[in-house]
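The next block is model-v8.cif, given as mmCIF, C-alpha atoms (C1' of nucleotides).
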data_work
#
loop_
_atom_site.label_atom_id
_atom_site.label_comp_id
_atom_site.auth_asym_id
_atom_site.auth_seq_id
_atom_site.Cartn_x
_atom_site.Cartn_y
_atom_site.Cartn_z
CA MET A 1 26.94 25.63 -30.34
CA PRO A 2 24.87 23.02 -28.55
CA ALA A 3 25.24 22.78 -24.80
CA PRO A 4 27.56 19.94 -23.71
CA ARG A 5 25.59 16.88 -22.76
CA ASP A 6 25.42 15.85 -19.13
CA PRO A 7 26.85 12.32 -19.09
CA LEU A 8 24.28 11.30 -16.49
CA ARG A 9 21.26 12.42 -18.47
CA VAL A 10 20.46 9.21 -20.30
CA ASP A 11 17.06 8.61 -21.76
CA ILE A 12 16.91 4.94 -20.85
CA LEU A 13 19.13 2.47 -19.06
CA PRO A 14 21.25 1.07 -21.90
CA GLY A 15 20.46 -2.52 -22.75
CA THR A 16 16.91 -2.41 -21.47
CA LEU A 17 15.08 -1.08 -24.52
CA ASP A 18 14.17 -4.49 -25.92
CA LEU A 19 12.87 -5.56 -22.54
CA LEU A 20 10.74 -2.43 -22.24
CA ILE A 21 9.26 -2.95 -25.70
CA LEU A 22 8.56 -6.66 -25.22
CA LYS A 23 6.91 -6.04 -21.87
CA THR A 24 4.76 -3.26 -23.30
CA LEU A 25 3.58 -5.47 -26.14
CA SER A 26 2.75 -8.25 -23.70
CA VAL A 27 -0.15 -6.08 -22.54
CA GLN A 28 -1.64 -5.81 -26.00
CA PRO A 29 -0.60 -5.22 -29.62
CA MET A 30 0.37 -1.61 -30.11
CA HIS A 31 1.87 0.75 -32.68
CA GLY A 32 5.28 2.36 -32.26
CA TYR A 33 4.10 5.71 -31.09
CA GLY A 34 1.83 4.02 -28.58
CA ILE A 35 4.69 1.93 -27.23
CA ALA A 36 6.73 5.06 -26.55
CA GLN A 37 3.77 6.72 -24.85
CA HIS A 38 3.12 3.68 -22.70
CA ILE A 39 6.71 3.47 -21.48
CA GLY A 40 6.81 7.19 -20.76
CA ARG A 41 3.53 7.11 -18.89
CA LEU A 42 4.23 4.04 -16.74
CA SER A 43 7.62 5.44 -15.76
CA ALA A 44 6.19 8.88 -14.95
CA ASP A 45 8.25 10.28 -17.83
CA ALA A 46 11.50 9.06 -16.30
CA LEU A 47 12.10 7.05 -19.46
CA LYS A 48 11.95 8.67 -22.86
CA VAL A 49 12.12 6.41 -25.90
CA GLU A 50 13.48 8.32 -28.88
CA GLU A 51 12.06 7.48 -32.29
CA GLY A 52 15.54 6.93 -33.65
CA SER A 53 16.02 4.22 -31.06
CA LEU A 54 12.52 2.78 -31.15
CA TYR A 55 11.97 2.01 -34.82
CA PRO A 56 15.33 0.32 -35.39
CA ALA A 57 14.70 -1.72 -32.23
CA LEU A 58 11.31 -2.81 -33.57
CA GLN A 59 13.00 -3.95 -36.79
CA ARG A 60 15.57 -5.91 -34.80
CA LEU A 61 12.95 -7.63 -32.70
CA LYS A 62 10.86 -8.44 -35.74
CA LEU A 63 13.90 -9.92 -37.50
CA LYS A 64 14.53 -12.17 -34.51
CA GLY A 65 10.96 -13.39 -34.76
CA TRP A 66 9.91 -12.01 -31.40
CA LEU A 67 7.11 -9.94 -32.83
CA THR A 68 4.95 -9.60 -35.91
CA ALA A 69 3.77 -6.42 -37.60
CA GLU A 70 0.75 -5.40 -39.62
CA TRP A 71 -0.76 -2.17 -40.88
CA ARG A 72 -4.03 -1.25 -39.24
CA ILE A 73 -6.20 1.78 -38.73
CA THR A 74 -6.13 3.41 -35.31
CA PRO A 75 -9.34 4.34 -33.47
CA THR A 76 -8.75 7.91 -34.60
CA GLY A 77 -8.65 6.86 -38.24
CA ARG A 78 -4.92 6.94 -38.81
CA ARG A 79 -2.86 4.30 -40.55
CA ALA A 80 -0.30 2.76 -38.19
CA ARG A 81 1.90 -0.28 -37.90
CA TYR A 82 0.73 -2.56 -35.10
CA TYR A 83 3.21 -4.88 -33.44
CA GLU A 84 2.23 -8.07 -31.69
CA LEU A 85 4.30 -10.30 -29.44
CA SER A 86 4.94 -13.78 -30.84
CA ARG A 87 5.23 -16.96 -28.81
CA GLY A 88 9.01 -16.73 -29.03
CA GLY A 89 8.77 -13.10 -27.99
CA ARG A 90 6.99 -14.11 -24.84
CA ARG A 91 9.76 -16.55 -23.98
CA GLN A 92 12.34 -13.90 -24.74
CA LEU A 93 10.56 -11.47 -22.45
CA ALA A 94 10.75 -13.96 -19.61
CA ARG A 95 14.46 -14.52 -20.25
CA GLU A 96 15.28 -10.82 -20.43
CA LEU A 97 13.28 -10.02 -17.34
CA SER A 98 15.11 -12.62 -15.33
CA ALA A 99 18.49 -11.55 -16.74
CA PHE A 100 17.73 -7.92 -15.90
CA ASP A 101 16.85 -8.76 -12.31
CA GLN A 102 20.02 -10.78 -11.89
CA LEU A 103 22.21 -8.05 -13.35
CA VAL A 104 20.64 -5.37 -11.19
CA ALA A 105 21.10 -7.56 -8.12
CA ALA A 106 24.73 -8.08 -9.10
CA VAL A 107 25.37 -4.36 -9.52
CA ARG A 108 23.68 -3.66 -6.21
CA SER A 109 25.85 -6.22 -4.46
CA VAL A 110 28.82 -4.10 -5.50
CA VAL A 111 27.49 -0.58 -5.07
CA ARG A 112 25.41 -1.28 -1.98
CA PRO A 113 27.22 -4.13 -0.27
CA ALA A 114 25.54 -5.65 2.79
CA MET B 1 33.46 -20.30 -36.71
CA PRO B 2 32.75 -18.78 -33.32
CA ALA B 3 29.41 -19.58 -31.76
CA PRO B 4 26.90 -16.73 -32.19
CA ARG B 5 26.74 -14.62 -29.09
CA ASP B 6 23.68 -14.92 -26.90
CA PRO B 7 22.29 -11.38 -26.73
CA LEU B 8 21.44 -11.92 -23.09
CA ARG B 9 24.91 -13.04 -22.03
CA VAL B 10 26.39 -9.66 -21.18
CA ASP B 11 29.32 -9.31 -18.86
CA ILE B 12 28.00 -6.21 -17.13
CA LEU B 13 24.89 -4.09 -17.33
CA PRO B 14 25.81 -1.51 -19.98
CA GLY B 15 26.27 1.97 -18.60
CA THR B 16 27.20 0.84 -15.10
CA LEU B 17 30.92 0.27 -15.51
CA ASP B 18 31.94 3.75 -14.36
CA LEU B 19 29.70 3.42 -11.34
CA LEU B 20 31.20 0.05 -10.43
CA ILE B 21 34.73 1.41 -10.72
CA LEU B 22 34.05 4.58 -8.75
CA LYS B 23 32.33 2.65 -6.00
CA THR B 24 35.19 0.16 -5.78
CA LEU B 25 37.75 2.95 -5.49
CA SER B 26 35.69 4.60 -2.76
CA VAL B 27 36.73 1.72 -0.50
CA GLN B 28 40.42 2.35 -1.05
CA PRO B 29 42.93 3.15 -3.80
CA MET B 30 43.45 0.09 -5.96
CA HIS B 31 45.16 -1.03 -9.16
CA GLY B 32 43.24 -2.08 -12.26
CA TYR B 33 43.57 -5.78 -11.77
CA GLY B 34 42.43 -5.42 -8.17
CA ILE B 35 39.39 -3.42 -9.24
CA ALA B 36 38.29 -6.21 -11.57
CA GLN B 37 38.82 -8.81 -8.84
CA HIS B 38 36.86 -6.76 -6.33
CA ILE B 39 33.86 -6.36 -8.62
CA GLY B 40 33.90 -10.03 -9.52
CA ARG B 41 34.16 -11.13 -5.92
CA LEU B 42 31.46 -8.85 -4.50
CA SER B 43 29.06 -9.91 -7.24
CA ALA B 44 29.81 -13.61 -6.76
CA ASP B 45 31.29 -13.64 -10.26
CA ALA B 46 28.02 -12.45 -11.81
CA LEU B 47 29.91 -9.45 -13.19
CA LYS B 48 33.09 -9.91 -15.18
CA VAL B 49 35.05 -6.79 -16.07
CA GLU B 50 37.14 -7.41 -19.18
CA GLU B 51 40.53 -5.76 -19.38
CA GLY B 52 39.62 -4.23 -22.74
CA SER B 53 36.73 -2.46 -21.03
CA LEU B 54 38.47 -1.65 -17.78
CA TYR B 55 41.61 0.16 -18.85
CA PRO B 56 39.93 2.48 -21.37
CA ALA B 57 37.33 3.25 -18.70
CA LEU B 58 40.06 4.15 -16.22
CA GLN B 59 41.56 6.52 -18.79
CA ARG B 60 38.17 8.14 -19.34
CA LEU B 61 37.58 8.62 -15.63
CA LYS B 62 41.06 10.02 -15.14
CA LEU B 63 40.55 12.47 -18.02
CA LYS B 64 37.36 13.70 -16.38
CA GLY B 65 39.29 14.33 -13.20
CA TRP B 66 37.39 11.78 -11.16
CA LEU B 67 40.46 9.83 -10.18
CA THR B 68 44.22 10.17 -10.01
CA ALA B 69 46.82 7.55 -10.85
CA GLU B 70 50.31 6.76 -9.68
CA TRP B 71 52.76 3.92 -10.03
CA ARG B 72 53.37 2.01 -6.85
CA ILE B 73 54.73 -1.32 -5.73
CA THR B 74 52.18 -3.92 -4.64
CA PRO B 75 52.60 -5.86 -1.39
CA THR B 76 53.86 -8.76 -3.51
CA GLY B 77 56.58 -6.60 -5.02
CA ARG B 78 55.01 -5.90 -8.38
CA ARG B 79 54.84 -2.58 -10.14
CA ALA B 80 51.23 -1.47 -10.61
CA ARG B 81 49.22 1.63 -11.36
CA TYR B 82 47.16 2.65 -8.36
CA TYR B 83 44.02 4.69 -8.88
CA GLU B 84 42.55 6.93 -6.23
CA LEU B 85 39.16 8.64 -6.15
CA SER B 86 39.33 12.44 -6.26
CA ARG B 87 36.95 14.79 -4.53
CA GLY B 88 35.09 15.27 -7.80
CA GLY B 89 35.03 11.53 -8.24
CA ARG B 90 33.27 11.15 -4.94
CA ARG B 91 30.61 13.62 -6.01
CA GLN B 92 30.29 11.83 -9.33
CA LEU B 93 29.84 8.52 -7.53
CA ALA B 94 26.97 9.97 -5.53
CA ARG B 95 25.34 11.32 -8.68
CA GLU B 96 25.71 8.07 -10.61
CA LEU B 97 24.46 5.99 -7.74
CA SER B 98 21.33 8.08 -7.44
CA ALA B 99 20.81 8.11 -11.20
CA PHE B 100 21.20 4.34 -11.34
CA ASP B 101 18.62 3.81 -8.61
CA GLN B 102 16.18 6.11 -10.35
CA LEU B 103 16.63 4.41 -13.71
CA VAL B 104 16.21 0.95 -12.25
CA ALA B 105 13.08 2.08 -10.46
CA ALA B 106 11.77 3.52 -13.71
CA VAL B 107 12.42 0.32 -15.63
CA ARG B 108 10.77 -1.68 -12.88
CA SER B 109 7.71 0.55 -12.99
CA VAL B 110 7.29 -0.55 -16.59
CA VAL B 111 8.27 -4.21 -16.43
CA ARG B 112 6.77 -4.91 -13.04
CA PRO B 113 3.88 -2.46 -12.77
CA ALA B 114 2.06 -2.32 -9.44
"C1'" DC C 1 61.29 -25.12 -17.37
"C1'" DC C 2 56.60 -24.55 -18.23
"C1'" DA C 3 52.08 -23.10 -16.92
"C1'" DT C 4 49.43 -20.08 -14.48
"C1'" DA C 5 48.49 -15.87 -12.23
"C1'" DT C 6 49.36 -11.10 -11.87
"C1'" DC C 7 49.58 -6.63 -14.10
"C1'" DC C 8 49.21 -2.96 -17.99
"C1'" DA C 9 47.63 -1.33 -22.38
"C1'" DT C 10 46.04 -0.63 -27.20
"C1'" DA C 11 43.84 -1.60 -31.75
"C1'" DG C 12 40.00 -2.86 -34.02
"C1'" DT C 13 35.25 -4.19 -34.11
"C1'" DC C 14 30.46 -4.34 -33.05
"C1'" DA C 15 26.12 -3.04 -31.21
"C1'" DA C 16 23.05 0.17 -29.12
"C1'" DT C 17 21.52 4.60 -28.64
"C1'" DC C 18 21.18 9.24 -29.96
"C1'" DT C 19 20.72 13.42 -33.11
"C1'" DA C 20 19.05 15.11 -37.11
"C1'" DT C 21 16.16 14.88 -40.73
"C1'" DG C 22 12.43 13.65 -43.86
"C1'" DT C 23 7.51 12.43 -44.88
"C1'" DA C 24 2.46 12.77 -43.98
"C1'" DT C 25 -2.11 13.79 -41.80
"C1'" DA C 26 -5.34 15.53 -38.15
"C1'" DA C 27 -6.84 18.79 -34.84
"C1'" DC C 28 -6.99 23.13 -32.77
"C1'" DG C 29 -6.62 27.93 -31.91
"C1'" DA C 30 -5.75 32.63 -33.37
"C1'" DT D 1 -7.00 30.54 -43.14
"C1'" DC D 2 -2.73 29.78 -41.33
"C1'" DG D 3 0.47 28.23 -38.07
"C1'" DT D 4 1.42 25.12 -34.39
"C1'" DT D 5 1.07 20.95 -32.03
"C1'" DA D 6 0.16 16.08 -31.84
"C1'" DT D 7 0.13 11.80 -34.11
"C1'" DA D 8 2.59 8.42 -36.85
"C1'" DC D 9 6.66 6.07 -39.49
"C1'" DA D 10 11.37 5.70 -40.91
"C1'" DT D 11 16.34 6.26 -42.11
"C1'" DA D 12 21.15 8.18 -42.16
"C1'" DG D 13 24.92 9.36 -39.60
"C1'" DA D 14 27.52 10.06 -35.46
"C1'" DT D 15 28.82 8.69 -31.06
"C1'" DT D 16 29.69 5.86 -27.28
"C1'" DG D 17 30.43 1.79 -24.72
"C1'" DA D 18 31.90 -2.63 -24.32
"C1'" DC D 19 33.89 -6.53 -26.47
"C1'" DT D 20 37.61 -9.58 -28.80
"C1'" DA D 21 42.13 -10.07 -29.83
"C1'" DT D 22 46.63 -9.17 -29.07
"C1'" DG D 23 50.93 -7.55 -27.21
"C1'" DG D 24 54.22 -7.15 -23.39
"C1'" DA D 25 56.36 -8.03 -18.66
"C1'" DT D 26 57.18 -10.33 -14.11
"C1'" DA D 27 56.34 -13.69 -10.28
"C1'" DT D 28 55.17 -18.14 -8.44
"C1'" DG D 29 54.47 -22.96 -8.18
"C1'" DG D 30 54.62 -27.43 -10.10
#
Give the structure from this file in structure tokens form.
Amino acid sequence: MPAPRDPLRVDILPGTLDLLILKTLSVQPMHGYGIAQHIGRLSADALKVEEGSLYPALQRLKLKGWLTAEWRITPTGRRARYYELSRGGRRQLARELSAFDQLVAAVRSVVRPA
Amino acid sequence: MPAPRDPLRVDILPGTLDLLILKTLSVQPMHGYGIAQHIGRLSADALKVEEGSLYPALQRLKLKGWLTAEWRITPTGRRARYYELSRGGRRQLARELSAFDQLVAAVRSVVRPA
DNA sequence: CCATATCCATAGTCAATCTATGTATAACGA
DNA sequence: TCGTTATACATAGATTGACTATGGATATGG
């Protein structure tokens, strides 16, 4: 049987995946695999984006009009789906970033009161 | 029909409810309603703990052995269920607090890179 | 007497994330 | 040449967490 899962061992902070993706794409258009790599690298592997979370999230964001997608060829000659932040996506990124900061500040005010 | 829910308008940062409860009970034993008030007050009403989230969470935490419960009478003469942090709950609080800080730092390293 | 605040709790729903699985190709080492 | 690893996309299914909605009960203040 599989070992029981440590309830603390989460891959990402729930509710922040969209923010992480939008921010990553604000650097430059990227394909899914590259987005996951970028997030892992910048966070020193503290954050691991699972494929089963990533691709559905990309669909969601695309449906909301926050990013566009097109098939391209990578520098290494592979076919990959490149995602690009839309104008609305940029606004959404700003909103989510600000909301995240406020929520973190709120949690801190409870768990680390002055 | 009900207005569509703004995806940003969350009541709490998902995944932090247990932490908020454990921290609140580390101050002193408290009943459910008091816990919700405490979290709301300390966060200047930025965090709102819904009853439908709170009471199931208290059951969960009790099941894990992180807190104990007993019926008592409040100072105003009401009957209420008081929750008290156990020794294991105190350890769990420390773990969750540290995990939360690490996750927030990781997210920040992506969304606000140096 | 009626509204509001205090208190508990559950049922049902929804959304987000995870696990597991499938496909396919390229590169590399044994 | 063959197996493994890395690159790349995607979905199905399960699980979990948090929400809405609802129910009850008692106290207080207008």
Query raised in the report: So which residues get picked by the PyMOL selection byres ((chain B and resi 100) around 10) here, written as an MDAnalysis selection string?
Result: (chainID A and resid 8 13 104 107:108) or (chainID B and resid 15:16 19 94:99 101:106)
Per residue of chain B within 12 Å of chain C, which atom pair is closest and at what distance in Å (one decimal), using only C-alpha atoms (C1' of nucleotides), listed by chain and increasing number, as a Markdown table?
| residue | atom | partner | partner_atom | distance |
| --- | --- | --- | --- | --- |
| B:Arg5 | CA | C:DC14 | C1' | 11.6 |
| B:Pro7 | CA | C:DA15 | C1' | 10.2 |
| B:Pro14 | CA | C:DA16 | C1' | 9.7 |
| B:Gly15 | CA | C:DA16 | C1' | 11.1 |
| B:His31 | CA | C:DC7 | C1' | 8.7 |
| B:Gly32 | CA | C:DC7 | C1' | 8.0 |
| B:Tyr33 | CA | C:DC7 | C1' | 6.5 |
| B:Gly34 | CA | C:DC7 | C1' | 9.4 |
| B:Ile35 | CA | C:DC7 | C1' | 11.7 |
| B:Ala36 | CA | C:DC7 | C1' | 11.6 |
| B:Gln37 | CA | C:DT6 | C1' | 11.2 |
| B:Glu51 | CA | C:DA9 | C1' | 8.9 |
| B:Gly52 | CA | C:DA9 | C1' | 8.5 |
| B:Ser53 | CA | C:DA9 | C1' | 11.0 |
| B:Leu54 | CA | C:DA9 | C1' | 10.3 |
| B:Tyr55 | CA | C:DA9 | C1' | 7.1 |
| B:Pro56 | CA | C:DA9 | C1' | 8.7 |
| B:Ala57 | CA | C:DA9 | C1' | 11.9 |
| B:Leu58 | CA | C:DA9 | C1' | 11.2 |
| B:Gln59 | CA | C:DA9 | C1' | 10.6 |
| B:Trp71 | CA | C:DC8 | C1' | 11.1 |
| B:Arg72 | CA | C:DC7 | C1' | 11.9 |
| B:Ile73 | CA | C:DC7 | C1' | 11.2 |
| B:Thr74 | CA | C:DC7 | C1' | 10.2 |
| B:Thr76 | CA | C:DT6 | C1' | 9.8 |
| B:Gly77 | CA | C:DT6 | C1' | 10.9 |
| B:Arg78 | CA | C:DC7 | C1' | 7.9 |
| B:Arg79 | CA | C:DC7 | C1' | 7.7 |
| B:Ala80 | CA | C:DC7 | C1' | 6.4 |
| B:Arg81 | CA | C:DC8 | C1' | 8.1 |
| B:Tyr82 | CA | C:DC7 | C1' | 11.2 |
Residues in the PyMOL selection byres ((chain B) within 6 of (chain A)), expressed as a compact mmCIF listing (two decimals) with C-alpha atoms, in the coordinates of the input:
# COMPACT_ATOMS: atom_id res chain seq x y z
CA PRO B 14 25.81 -1.51 -19.98
CA LYS B 23 32.33 2.65 -6.00
CA LEU B 42 31.46 -8.85 -4.50
CA SER B 43 29.06 -9.91 -7.24
CA ALA B 106 11.77 3.52 -13.71
CA SER B 109 7.71 0.55 -12.99
CA VAL B 110 7.29 -0.55 -16.59
CA VAL B 111 8.27 -4.21 -16.43
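The set of residues that the PyMOL selection byres ((chain D) within 10 of (chain A)) takes from this file is D:DT7, D:DA8, D:DC9, D:DA10, D:DT11, D:DG17.
Distance-wise, atom CA of Ser86 of chain B and atom CA of Thr68 of chain B end up 6.6 Å apart.
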Please determine an axis-aligned box that encloses all atoms of segment 1-15 of chain D listed in the file, with 6 Å added on each side, and express its centre and edge lengths in Å to one decimal as AutoDock Vina command-line options.
--center_x 10.9 --center_y 18.1 --center_z -37.1 --size_x 47.8 --size_y 36.8 --size_z 24.1
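Rounded to one decimal, atom C1' of DA18 of chain D and atom CA of Arg91 of chain A lie 26.2 Å from each other.
Atom CA of Asp18 of chain A is positioned 13.2 Å from atom CA of Glu50 of chain A.
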Report task. Taking (43.8, 12.6, -8.9) in the file's own coordinates, collect the residues within 8 Å, counting all atoms listed in the file, and hand them back as a VMD selection string. Result -> chain B and resid 62 65 to 69 83 to 86
